[in-house]
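Pasting model-v3.cif here (mmCIF, C-alpha atoms):
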data_structure
loop_
_atom_site.group_PDB
_atom_site.id
_atom_site.type_symbol
_atom_site.label_atom_id
_atom_site.label_comp_id
_atom_site.auth_asym_id
_atom_site.auth_seq_id
_atom_site.Cartn_x
_atom_site.Cartn_y
_atom_site.Cartn_z
ATOM 1 C CA MET A 135 8.049 -64.828 -24.947
ATOM 2 C CA HIS A 136 9.506 -63.049 -21.921
ATOM 3 C CA VAL A 137 9.686 -65.507 -19.017
ATOM 4 C CA GLY A 138 10.872 -64.520 -15.546
ATOM 5 C CA PRO A 139 13.799 -66.475 -14.081
ATOM 6 C CA GLN A 140 11.672 -67.866 -11.253
ATOM 7 C CA LEU A 141 8.998 -69.120 -13.670
ATOM 8 C CA SER A 142 11.635 -70.730 -15.886
ATOM 9 C CA GLN A 143 13.171 -72.466 -12.886
ATOM 10 C CA ILE A 144 9.796 -73.760 -11.662
ATOM 11 C CA MET A 145 8.938 -75.098 -15.121
ATOM 12 C CA GLN A 146 12.265 -76.933 -15.250
ATOM 13 C CA GLN A 147 11.734 -78.373 -11.785
ATOM 14 C CA SER A 148 8.216 -79.435 -12.748
ATOM 15 C CA ASN A 149 9.525 -81.310 -15.766
ATOM 16 C CA SER A 150 12.241 -83.067 -13.783
ATOM 17 C CA ASN A 151 10.516 -83.774 -10.468
ATOM 18 C CA GLY A 152 7.233 -85.211 -11.768
ATOM 19 C CA SER A 153 4.558 -85.606 -9.115
ATOM 20 C CA SER A 154 6.721 -84.120 -6.360
ATOM 21 C CA SER A 155 6.491 -80.638 -7.821
ATOM 22 C CA PHE A 156 3.717 -78.155 -6.975
ATOM 23 C CA ALA A 157 3.472 -77.281 -10.678
ATOM 24 C CA SER A 158 3.497 -80.890 -11.937
ATOM 25 C CA ASN A 159 0.905 -81.913 -14.509
ATOM 26 C CA ASN A 160 -1.194 -83.905 -12.020
ATOM 27 C CA ASN A 161 -1.493 -80.972 -9.576
ATOM 28 C CA LEU A 162 -4.558 -78.930 -10.608
ATOM 29 C CA CYS A 163 -3.833 -76.046 -8.264
ATOM 30 C CA GLY A 164 -0.234 -75.756 -9.395
ATOM 31 C CA THR A 165 -0.966 -76.023 -13.102
ATOM 32 C CA ASP A 166 -3.739 -73.413 -12.868
ATOM 33 C CA LEU A 167 -1.427 -70.978 -11.101
ATOM 34 C CA LEU A 168 1.466 -71.721 -13.452
ATOM 35 C CA GLY A 169 -0.816 -71.181 -16.446
ATOM 36 C CA LEU A 170 -1.970 -67.845 -15.021
ATOM 37 C CA VAL A 171 1.611 -66.660 -14.540
ATOM 38 C CA SER A 172 2.547 -67.815 -18.048
ATOM 39 C CA ARG A 173 -0.325 -65.770 -19.530
ATOM 40 C CA GLY A 174 0.857 -62.811 -17.496
ATOM 41 C CA HIS A 175 4.272 -62.955 -19.135
ATOM 42 C CA VAL A 176 2.674 -63.145 -22.586
ATOM 43 C CA ILE A 177 0.665 -60.006 -21.801
ATOM 44 C CA ILE A 178 3.763 -58.156 -20.579
ATOM 45 C CA THR A 179 5.590 -59.089 -23.785
ATOM 46 C CA GLU A 180 2.717 -57.815 -25.953
ATOM 47 C CA LEU A 181 2.480 -54.637 -23.893
ATOM 48 C CA LEU A 182 6.163 -53.815 -24.352
ATOM 49 C CA THR A 183 5.933 -54.632 -28.054
ATOM 50 C CA LEU A 184 2.974 -52.308 -28.623
ATOM 51 C CA SER A 185 4.493 -49.507 -26.543
ATOM 52 C CA GLY A 186 6.536 -48.510 -29.577
ATOM 53 C CA ARG A 187 3.727 -48.893 -32.106
ATOM 54 C CA ILE A 188 1.148 -46.302 -31.072
ATOM 55 C CA PRO A 189 -0.319 -44.734 -34.243
ATOM 56 C CA PRO A 190 0.883 -41.100 -34.255
ATOM 57 C CA ALA A 191 -2.635 -39.810 -34.841
ATOM 58 C CA PHE A 192 -3.652 -40.771 -31.293
ATOM 59 C CA VAL A 193 -0.717 -38.900 -29.791
ATOM 60 C CA GLU A 194 -1.490 -35.900 -32.002
ATOM 61 C CA ALA A 195 -5.143 -35.954 -30.917
ATOM 62 C CA ALA A 196 -4.220 -36.126 -27.228
ATOM 63 C CA SER A 197 -1.644 -33.349 -27.642
ATOM 64 C CA SER A 198 -4.145 -31.211 -29.521
ATOM 65 C CA ALA A 199 -6.720 -31.612 -26.752
ATOM 66 C CA ALA A 200 -4.089 -30.739 -24.151
ATOM 67 C CA ALA A 201 -3.121 -27.630 -26.105
ATOM 68 C CA VAL A 202 -6.752 -26.519 -26.308
ATOM 69 C CA GLU A 203 -7.255 -27.040 -22.583
ATOM 70 C CA SER A 204 -4.054 -25.162 -21.839
ATOM 71 C CA LYS A 205 -5.145 -22.260 -24.033
ATOM 72 C CA ASP A 206 -8.568 -22.177 -22.397
ATOM 73 C CA ARG A 207 -6.978 -22.036 -18.945
ATOM 74 C CA ALA A 208 -4.680 -19.244 -20.059
ATOM 75 C CA SER A 209 -7.588 -17.314 -21.607
ATOM 76 C CA SER A 210 -9.578 -17.478 -18.397
ATOM 77 C CA SER A 211 -6.789 -15.716 -16.479
ATOM 78 C CA SER A 212 -5.605 -13.333 -19.182
ATOM 79 C CA HIS A 213 -7.144 -11.355 -22.038
ATOM 80 C CA ASN A 214 -3.959 -11.377 -24.047
ATOM 81 C CA SER A 215 -5.063 -11.597 -27.679
ATOM 82 C CA SER A 216 -1.673 -12.403 -29.153
ATOM 83 C CA SER A 217 -1.623 -15.503 -31.325
ATOM 84 C CA SER A 218 -0.267 -18.718 -29.870
ATOM 85 C CA TYR A 219 2.139 -20.812 -31.893
ATOM 86 C CA VAL A 220 1.016 -24.001 -30.169
ATOM 87 C CA TRP A 221 -2.641 -23.168 -30.795
ATOM 88 C CA SER A 222 -1.983 -22.383 -34.454
ATOM 89 C CA LEU A 223 -0.070 -25.646 -34.766
ATOM 90 C CA PHE A 224 -2.771 -27.818 -33.216
ATOM 91 C CA GLY A 225 -5.895 -25.859 -34.131
ATOM 92 C CA GLY A 226 -4.989 -23.959 -37.247
ATOM 93 C CA ARG A 227 -6.236 -26.550 -39.687
ATOM 94 C CA LYS A 228 -9.861 -26.521 -38.654
ATOM 95 C CA ASP A 229 -10.939 -24.868 -41.894
ATOM 96 C CA THR A 230 -8.495 -26.712 -44.120
ATOM 97 C CA LYS A 231 -9.930 -28.759 -46.944
ATOM 98 C CA GLN A 232 -8.704 -32.343 -47.036
ATOM 99 C CA ASP A 233 -9.784 -34.123 -50.201
ATOM 100 C CA THR A 234 -7.020 -36.728 -50.459
ATOM 101 C CA PRO A 235 -5.785 -39.321 -47.984
ATOM 102 C CA ILE A 236 -2.804 -38.343 -45.900
ATOM 103 C CA GLN A 237 0.349 -40.095 -47.039
ATOM 104 C CA ASP A 238 2.688 -41.952 -44.705
ATOM 105 C CA GLY A 239 5.011 -39.581 -42.922
ATOM 106 C CA GLU A 240 2.684 -36.576 -43.144
ATOM 107 C CA ASP A 241 1.186 -34.801 -40.177
ATOM 108 C CA GLU A 242 -1.770 -36.881 -38.992
ATOM 109 C CA GLU A 243 -3.242 -34.210 -36.746
ATOM 110 C CA VAL A 244 -6.232 -33.848 -39.083
ATOM 111 C CA TYR A 245 -7.461 -37.262 -37.888
ATOM 112 C CA ALA A 246 -7.942 -35.848 -34.392
ATOM 113 C CA GLN A 247 -11.473 -34.678 -35.204
ATOM 114 C CA PHE A 248 -12.825 -38.231 -34.946
ATOM 115 C CA LEU A 249 -10.484 -39.690 -32.314
ATOM 116 C CA PHE A 250 -12.615 -39.076 -29.235
ATOM 117 C CA ASP A 251 -11.776 -39.695 -25.593
ATOM 118 C CA PHE A 252 -14.373 -41.044 -23.147
ATOM 119 C CA GLU A 253 -16.501 -37.954 -23.736
ATOM 120 C CA TYR A 254 -17.847 -40.049 -26.611
ATOM 121 C CA LEU A 255 -19.330 -42.544 -24.142
ATOM 122 C CA ARG A 256 -21.254 -39.736 -22.447
ATOM 123 C CA ASP A 257 -22.508 -38.062 -25.636
ATOM 124 C CA PRO A 258 -21.997 -40.271 -28.707
ATOM 125 C CA GLU A 259 -24.549 -38.443 -30.847
ATOM 126 C CA GLY A 260 -22.999 -35.064 -30.143
ATOM 127 C CA CYS A 261 -19.531 -36.360 -30.970
ATOM 128 C CA GLU A 262 -20.745 -37.897 -34.233
ATOM 129 C CA ARG A 263 -22.382 -34.603 -35.221
ATOM 130 C CA SER A 264 -19.116 -32.779 -34.632
ATOM 131 C CA ILE A 265 -17.364 -34.789 -37.344
ATOM 132 C CA GLY A 266 -17.366 -32.834 -40.563
ATOM 133 C CA SER A 267 -17.042 -29.351 -39.149
ATOM 134 C CA ALA A 268 -13.296 -29.331 -39.634
ATOM 135 C CA THR A 269 -12.736 -30.671 -43.152
ATOM 136 C CA ALA A 270 -14.547 -31.041 -46.449
ATOM 137 C CA ALA A 271 -14.213 -34.823 -46.602
ATOM 138 C CA PRO A 272 -14.230 -36.164 -43.022
ATOM 139 C CA ARG A 273 -15.724 -39.563 -43.751
ATOM 140 C CA ARG A 274 -13.137 -40.190 -46.449
ATOM 141 C CA LEU A 275 -10.401 -39.364 -43.966
ATOM 142 C CA GLU A 276 -12.029 -41.603 -41.397
ATOM 143 C CA SER A 277 -12.189 -44.499 -43.827
ATOM 144 C CA ASP A 278 -8.552 -43.946 -44.731
ATOM 145 C CA PHE A 279 -7.583 -43.964 -41.065
ATOM 146 C CA VAL A 280 -9.438 -47.203 -40.316
ATOM 147 C CA SER A 281 -7.911 -48.944 -43.322
ATOM 148 C CA LYS A 282 -4.433 -47.954 -42.146
ATOM 149 C CA HIS A 283 -4.767 -48.548 -38.415
ATOM 150 C CA GLY A 284 -7.819 -50.744 -37.806
ATOM 151 C CA ASP A 285 -5.838 -53.905 -37.092
ATOM 152 C CA THR A 286 -3.465 -52.063 -34.764
ATOM 153 C CA ILE A 287 -6.376 -50.518 -32.870
ATOM 154 C CA ALA A 288 -7.897 -53.966 -32.380
ATOM 155 C CA ARG A 289 -4.563 -55.305 -31.130
ATOM 156 C CA PHE A 290 -4.291 -52.519 -28.547
ATOM 157 C CA TYR A 291 -7.829 -53.080 -27.336
ATOM 158 C CA HIS A 292 -7.289 -56.821 -26.994
ATOM 159 C CA LEU A 293 -4.192 -56.041 -24.916
ATOM 160 C CA PHE A 294 -6.290 -53.909 -22.541
ATOM 161 C CA GLU A 295 -9.015 -56.527 -22.469
ATOM 162 C CA GLY A 296 -6.408 -59.210 -21.786
ATOM 163 C CA ILE A 297 -5.176 -57.321 -18.727
ATOM 164 C CA TYR A 298 -8.742 -57.032 -17.442
ATOM 165 C CA LEU A 299 -9.293 -60.763 -18.010
ATOM 166 C CA TYR A 300 -6.036 -61.515 -16.184
ATOM 167 C CA GLU A 301 -7.396 -59.613 -13.186
ATOM 168 C CA GLN A 302 -10.576 -61.698 -13.330
ATOM 169 C CA GLU A 303 -8.614 -64.945 -13.597
ATOM 170 C CA LEU A 304 -6.417 -63.964 -10.660
ATOM 171 C CA ASN A 305 -9.524 -63.277 -8.588
ATOM 172 C CA LYS A 306 -11.082 -66.574 -9.675
ATOM 173 C CA PHE A 307 -7.974 -68.488 -8.620
ATOM 174 C CA ALA A 308 -7.985 -66.779 -5.212
ATOM 175 C CA SER A 309 -11.702 -67.483 -4.819
ATOM 176 C CA ASP A 310 -11.336 -71.117 -5.878
ATOM 177 C CA LEU A 311 -8.445 -71.541 -3.474
ATOM 178 C CA SER A 312 -10.370 -70.200 -0.491
ATOM 179 C CA GLY A 313 -13.602 -71.885 -1.602
ATOM 180 C CA GLY A 314 -12.253 -75.427 -1.571
ATOM 181 C CA ARG A 315 -11.990 -76.187 -5.289
ATOM 182 C CA TYR A 316 -8.442 -77.371 -4.765
ATOM 183 C CA VAL A 317 -9.246 -79.915 -2.057
ATOM 184 C CA GLN A 318 -5.709 -80.445 -0.828
ATOM 185 C CA TYR A 319 -4.773 -76.726 -0.817
ATOM 186 C CA THR A 320 -5.678 -73.495 0.962
ATOM 187 C CA THR A 321 -4.095 -70.092 0.508
ATOM 188 C CA GLU A 322 -1.920 -70.773 3.522
ATOM 189 C CA SER A 323 -0.718 -74.164 2.278
ATOM 190 C CA VAL A 324 0.122 -72.754 -1.149
ATOM 191 C CA LEU A 325 2.216 -70.059 0.511
ATOM 192 C CA LEU A 326 3.995 -72.724 2.564
ATOM 193 C CA ASP A 327 5.066 -74.535 -0.608
ATOM 194 C CA PRO A 328 8.359 -73.156 -2.028
ATOM 195 C CA GLU A 329 7.078 -73.148 -5.612
ATOM 196 C CA GLY A 330 3.547 -72.163 -4.642
ATOM 197 C CA ARG A 331 4.567 -68.989 -2.867
ATOM 198 C CA GLN A 332 6.879 -67.997 -5.700
ATOM 199 C CA LEU A 333 4.122 -68.392 -8.266
ATOM 200 C CA ALA A 334 1.520 -66.657 -6.093
ATOM 201 C CA ALA A 335 3.811 -63.675 -5.550
ATOM 202 C CA GLU A 336 4.642 -63.519 -9.246
ATOM 203 C CA ALA A 337 0.969 -63.660 -10.240
ATOM 204 C CA VAL A 338 0.193 -60.605 -8.112
ATOM 205 C CA HIS A 339 3.372 -58.827 -9.175
ATOM 206 C CA LEU A 340 2.598 -59.317 -12.864
ATOM 207 C CA PHE A 341 -0.789 -57.647 -12.595
ATOM 208 C CA ALA A 342 0.711 -54.654 -10.796
ATOM 209 C CA ALA A 343 3.455 -54.475 -13.417
ATOM 210 C CA MET A 344 0.873 -54.505 -16.219
ATOM 211 C CA LEU A 345 -0.990 -51.531 -14.763
ATOM 212 C CA ILE A 346 2.162 -49.519 -14.104
ATOM 213 C CA LEU A 347 3.611 -50.258 -17.550
ATOM 214 C CA VAL A 348 0.355 -49.270 -19.246
ATOM 215 C CA GLU A 349 0.311 -46.005 -17.317
ATOM 216 C CA THR A 350 3.947 -45.205 -18.097
ATOM 217 C CA HIS A 351 3.904 -46.228 -21.778
ATOM 218 C CA PHE A 352 0.380 -45.227 -22.855
ATOM 219 C CA ASP A 353 -0.863 -41.789 -21.863
ATOM 220 C CA GLY A 354 -4.368 -41.872 -20.367
ATOM 221 C CA SER A 355 -5.797 -39.607 -23.047
ATOM 222 C CA VAL A 356 -4.266 -41.829 -25.738
ATOM 223 C CA ARG A 357 -5.681 -44.971 -24.090
ATOM 224 C CA GLU A 358 -9.178 -43.543 -24.049
ATOM 225 C CA ARG A 359 -9.006 -42.621 -27.719
ATOM 226 C CA ILE A 360 -7.755 -46.073 -28.717
ATOM 227 C CA ILE A 361 -10.570 -47.768 -26.798
ATOM 228 C CA VAL A 362 -13.245 -45.498 -28.264
ATOM 229 C CA ALA A 363 -11.814 -46.028 -31.759
ATOM 230 C CA PHE A 364 -12.124 -49.788 -31.277
ATOM 231 C CA LEU A 365 -15.704 -49.427 -30.048
ATOM 232 C CA ARG A 366 -16.606 -47.297 -33.074
ATOM 233 C CA TYR A 367 -14.790 -49.222 -35.793
ATOM 234 C CA ARG A 368 -14.214 -52.814 -34.724
ATOM 235 C CA ALA A 369 -16.515 -53.814 -31.845
ATOM 236 C CA LYS A 370 -19.161 -56.374 -32.732
ATOM 237 C CA GLY A 371 -22.425 -56.583 -30.859
ATOM 238 C CA GLY A 372 -22.295 -53.107 -29.369
ATOM 239 C CA PHE A 373 -21.123 -51.874 -26.000
ATOM 240 C CA ASN A 374 -21.287 -54.571 -23.309
ATOM 241 C CA SER A 375 -20.426 -55.078 -19.645
ATOM 242 C CA LYS A 376 -16.915 -56.368 -20.400
ATOM 243 C CA MET A 377 -16.142 -53.259 -22.459
ATOM 244 C CA ASN A 378 -17.514 -51.126 -19.655
ATOM 245 C CA SER A 379 -15.120 -52.809 -17.213
ATOM 246 C CA VAL A 380 -12.193 -52.285 -19.593
ATOM 247 C CA CYS A 381 -13.107 -48.597 -19.862
ATOM 248 C CA LYS A 382 -13.196 -48.221 -16.078
ATOM 249 C CA LEU A 383 -9.847 -49.944 -15.634
ATOM 250 C CA PHE A 384 -8.038 -47.895 -18.279
ATOM 251 C CA ALA A 385 -9.686 -44.488 -18.008
ATOM 252 C CA SER A 386 -7.257 -41.616 -17.669
ATOM 253 C CA ILE A 387 -6.336 -40.932 -14.039
ATOM 254 C CA GLY A 388 -5.366 -37.326 -14.639
ATOM 255 C CA THR A 389 -1.663 -37.616 -15.375
ATOM 256 C CA GLY A 390 0.169 -37.233 -18.658
ATOM 257 C CA LEU A 391 -0.572 -35.092 -21.708
ATOM 258 C CA ALA A 392 -4.075 -34.022 -20.804
ATOM 259 C CA SER A 393 -3.194 -32.912 -17.280
ATOM 260 C CA GLY A 394 0.203 -31.392 -17.961
ATOM 261 C CA ASN A 395 1.388 -33.261 -14.872
ATOM 262 C CA ALA A 396 3.084 -36.359 -16.235
ATOM 263 C CA ASP A 397 5.304 -36.762 -13.161
ATOM 264 C CA ALA A 398 2.469 -36.892 -10.635
ATOM 265 C CA PRO A 399 2.364 -40.032 -8.441
ATOM 266 C CA PHE A 400 -0.275 -42.349 -9.768
ATOM 267 C CA GLU A 401 0.066 -45.731 -8.061
ATOM 268 C CA GLU A 402 -2.629 -45.236 -5.419
ATOM 269 C CA MET A 403 -5.112 -43.845 -7.949
ATOM 270 C CA LEU A 404 -4.248 -46.662 -10.328
ATOM 271 C CA PHE A 405 -4.735 -49.512 -7.884
ATOM 272 C CA SER A 406 -7.758 -48.034 -6.098
ATOM 273 C CA ARG A 407 -10.017 -48.884 -9.045
ATOM 274 C CA CYS A 408 -8.884 -52.507 -9.265
ATOM 275 C CA SER A 409 -10.873 -55.362 -7.777
ATOM 276 C CA VAL A 410 -8.098 -57.827 -6.955
ATOM 277 C CA ASN A 411 -8.893 -60.101 -3.986
ATOM 278 C CA ASP A 412 -7.617 -58.099 -1.009
ATOM 279 C CA GLU A 413 -7.284 -61.063 1.332
ATOM 280 C CA PHE A 414 -5.175 -63.009 -1.150
ATOM 281 C CA VAL A 415 -2.921 -60.009 -1.840
ATOM 282 C CA GLN A 416 -2.454 -59.285 1.867
ATOM 283 C CA LYS A 417 -1.431 -62.883 2.559
ATOM 284 C CA VAL A 418 1.056 -62.812 -0.325
ATOM 285 C CA ILE A 419 2.523 -59.554 0.960
ATOM 286 C CA GLY A 420 2.729 -61.016 4.453
ATOM 287 C CA CYS A 421 4.616 -64.009 3.079
ATOM 288 C CA LEU A 422 7.062 -61.734 1.252
ATOM 289 C CA MET A 423 7.669 -59.707 4.415
ATOM 290 C CA ALA A 424 8.139 -62.763 6.607
ATOM 291 C CA GLU A 425 10.718 -64.648 4.580
ATOM 292 C CA ASN A 426 12.910 -64.792 1.525
ATOM 293 C CA ILE A 427 10.897 -66.761 -1.016
ATOM 294 C CA TYR A 428 13.858 -67.112 -3.394
ATOM 295 C CA PRO A 429 16.488 -69.051 -1.438
ATOM 296 C CA GLN A 430 19.088 -68.834 -4.193
ATOM 297 C CA SER A 431 19.532 -65.153 -3.336
ATOM 298 C CA ASP A 432 21.140 -66.185 -0.041
ATOM 299 C CA ALA A 433 24.226 -67.269 -1.952
ATOM 300 C CA VAL A 434 24.503 -63.829 -3.539
ATOM 301 C CA SER A 435 24.146 -61.939 -0.267
#
Whole structure given in structure tokens:
Amino acid sequence: MHVGPQLSQIMQQSNSNGSSSFASNNNLCGTDLLGLVSRGHVIITELLTLSGRIPPAFVEAASSAAAVESKDRASSSSHNSSSSYVWSLFGGRKDTKQDTPIQDGEDEEVYAQFLFDFEYLRDPEGCERSIGSATAAPRRLESDFVSKHGDTIARFYHLFEGIYLYEQELNKFASDLSGGRYVQYTTESVLLDPEGRQLAAEAVHLFAAMLILVETHFDGSVRERIIVAFLRYRAKGGFNSKMNSVCKLFASIGTGLASGNADAPFEEMLFSRCSVNDEFVQKVIGCLMAENIYPQSDAVS
């Protein structure tokens, strides 16, 4: 598990200092915050692990959709009827018969016909009807795809859900802190404690890092297709409010493959749809601006 140097140091101090440490076992506020930060590091580790394991079919599907959109935009401004290599590459198999499962290493673009983005959430029946127009054996292909990638799809979705739950836990901690659950602590007193302010800053930082890493490692169009695939193949009990929140948090923000503008700034758009406790975040930022919360850096400077 990836553990930040400040978290490792706090855990060591907690083990050696006993009751004097903010994160000691008999300090409910400290152990709750330490546990939250520890889960954050686990999520970051899983995120970086999965960043290199995206099933190629999802990338192919997103690229295919981007190529179609690009062709449509070009067609609207020009009547050039010359054939497009990109279009033939991504769209040329629509009438191809596929009677046998695709073998490992082969082009998985044919799976794109049933890897829907969030358009599926708006018109599920229409999307389901569209399956079968491209190949002679679509359901066989679909079954083959799920058998190969079903577990990986579930793992990706649980990563996204875990990030959403981390956001909720961070908000709950901030609410509990201001609401008096931790009788001996307020937000201000936590930020006055050397270990408390380090953990509070790291908890906020980790959530921001999760969102930025997801955006940089998983294209928005790919994310949407993974989530919809989980909802279609692995979700139990149907679409619920938690899934709806996950969809809102990880919907494409208009950068990457689908937009053709992968280098566009995205941080403000990304964070504007989050519901992290503003007051808690502002106080943490104020603490960071007011003082150096990691005294050991003084020796380096």
Need the shell around segment 180-187 of chain A: protein/DNA/RNA residues with any atom at most 8 Å away, counting only C-alpha atoms. Skip same-chain ones fewer than 6 positions apart. Format as a list in words?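 Here the answer would be Phe290, Leu293, Met344, Leu347, Val348, His351 and Phe352 of chain A.
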Pick out the closest residue to Lys382 of chain A from this set: A:Val193, A:Ile346, A:Leu255, A:Ile265. Count only C-alpha atoms.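 Among A:Val193, A:Ile346, A:Leu255, A:Ile265, it is A:Leu255 that comes nearest to Lys382 of chain A.
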Between atom CA of Tyr428 of chain A and atom CA of Asn159 of chain A, what is the spacing in Å?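 Distance between the two atoms: 22.6 Å.
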Check the smallest atom-to-atom distance from each of A:Tyr319, A:Phe192, A:Phe294, A:Phe252 to Ile178 of chain A using only C-alpha atoms, then report the winner. A:Phe294
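Residues lying at most 12 Å from (-9.0, -49.1, -8.4) in file coordinates, with only C-alpha atoms considered, are Glu301, Ala342, Leu345, Ser379, Lys382, Leu383, Phe384, Ala385, Ile387, Phe400, Glu401, Glu402, Met403, Leu404, Phe405, Ser406, Arg407, Cys408, Ser409, Val410, Asn411 and Asp412 of chain A.
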Which of A:Val171, A:Cys421, A:Ile177, A:Val244 sits closest to Ser323 of chain A [using all atoms listed in the file]: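 For Ser323 of chain A, the nearest of the candidates is A:Cys421.
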Tell me which of A:Phe248, A:Arg357, A:Ile188, A:Gln332 sits closest to Asp285 of chain A, counting all atoms listed in the file.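 Counting all atoms listed in the file, the residue closest to Asp285 of chain A is A:Ile188.
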Mind giving me the straight-line distance from atom CA of Gly354 of chain A to atom CA of Cys381 of chain A in Å, one decimal? 11.0 Å
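Taking atom CA of Leu340 of chain A and atom CA of Leu168 of chain A as endpoints, the distance between them is 12.5 Å.
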Within 9 Å of Pro189 of chain A using all atoms listed in the file, minus same-chain residues under 4 positions, as a list of chain:residue names: A:Val193, A:His283, A:Thr286, A:Ile287
Which residues match the PyMOL selection byres ((chain A and resi 303-312) around 8) in the file above, as a list in words?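 Output of the PyMOL selection byres ((chain A and resi 303-312) around 8): Asp166, Leu167, Leu170, Leu299, Tyr300, Glu301, Gln302, Gly313, Gly314, Arg315, Tyr316, Tyr319, Thr320, Thr321, Ala337, Val338, Val410, Asn411 and Phe414 of chain A.
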Closest to Val415 of chain A among A:Val356, A:Glu336, A:Asp251, A:Gly371, using only C-alpha atoms? A:Glu336
Report as number ranges by chain the residues that result from applying the PyMOL selection byres ((chain A and resi 362) around 9) to the structure here. A: 249-252, 254-255, 357-361, 363-367, 381
With distances taken over all atoms listed in the file, which of A:Gly372, A:Ala288, A:Ala200, A:His339 is nearest to Val418 of chain A?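 Comparing A:Gly372, A:Ala288, A:Ala200, A:His339 against Val418 of chain A, the winner is A:His339.
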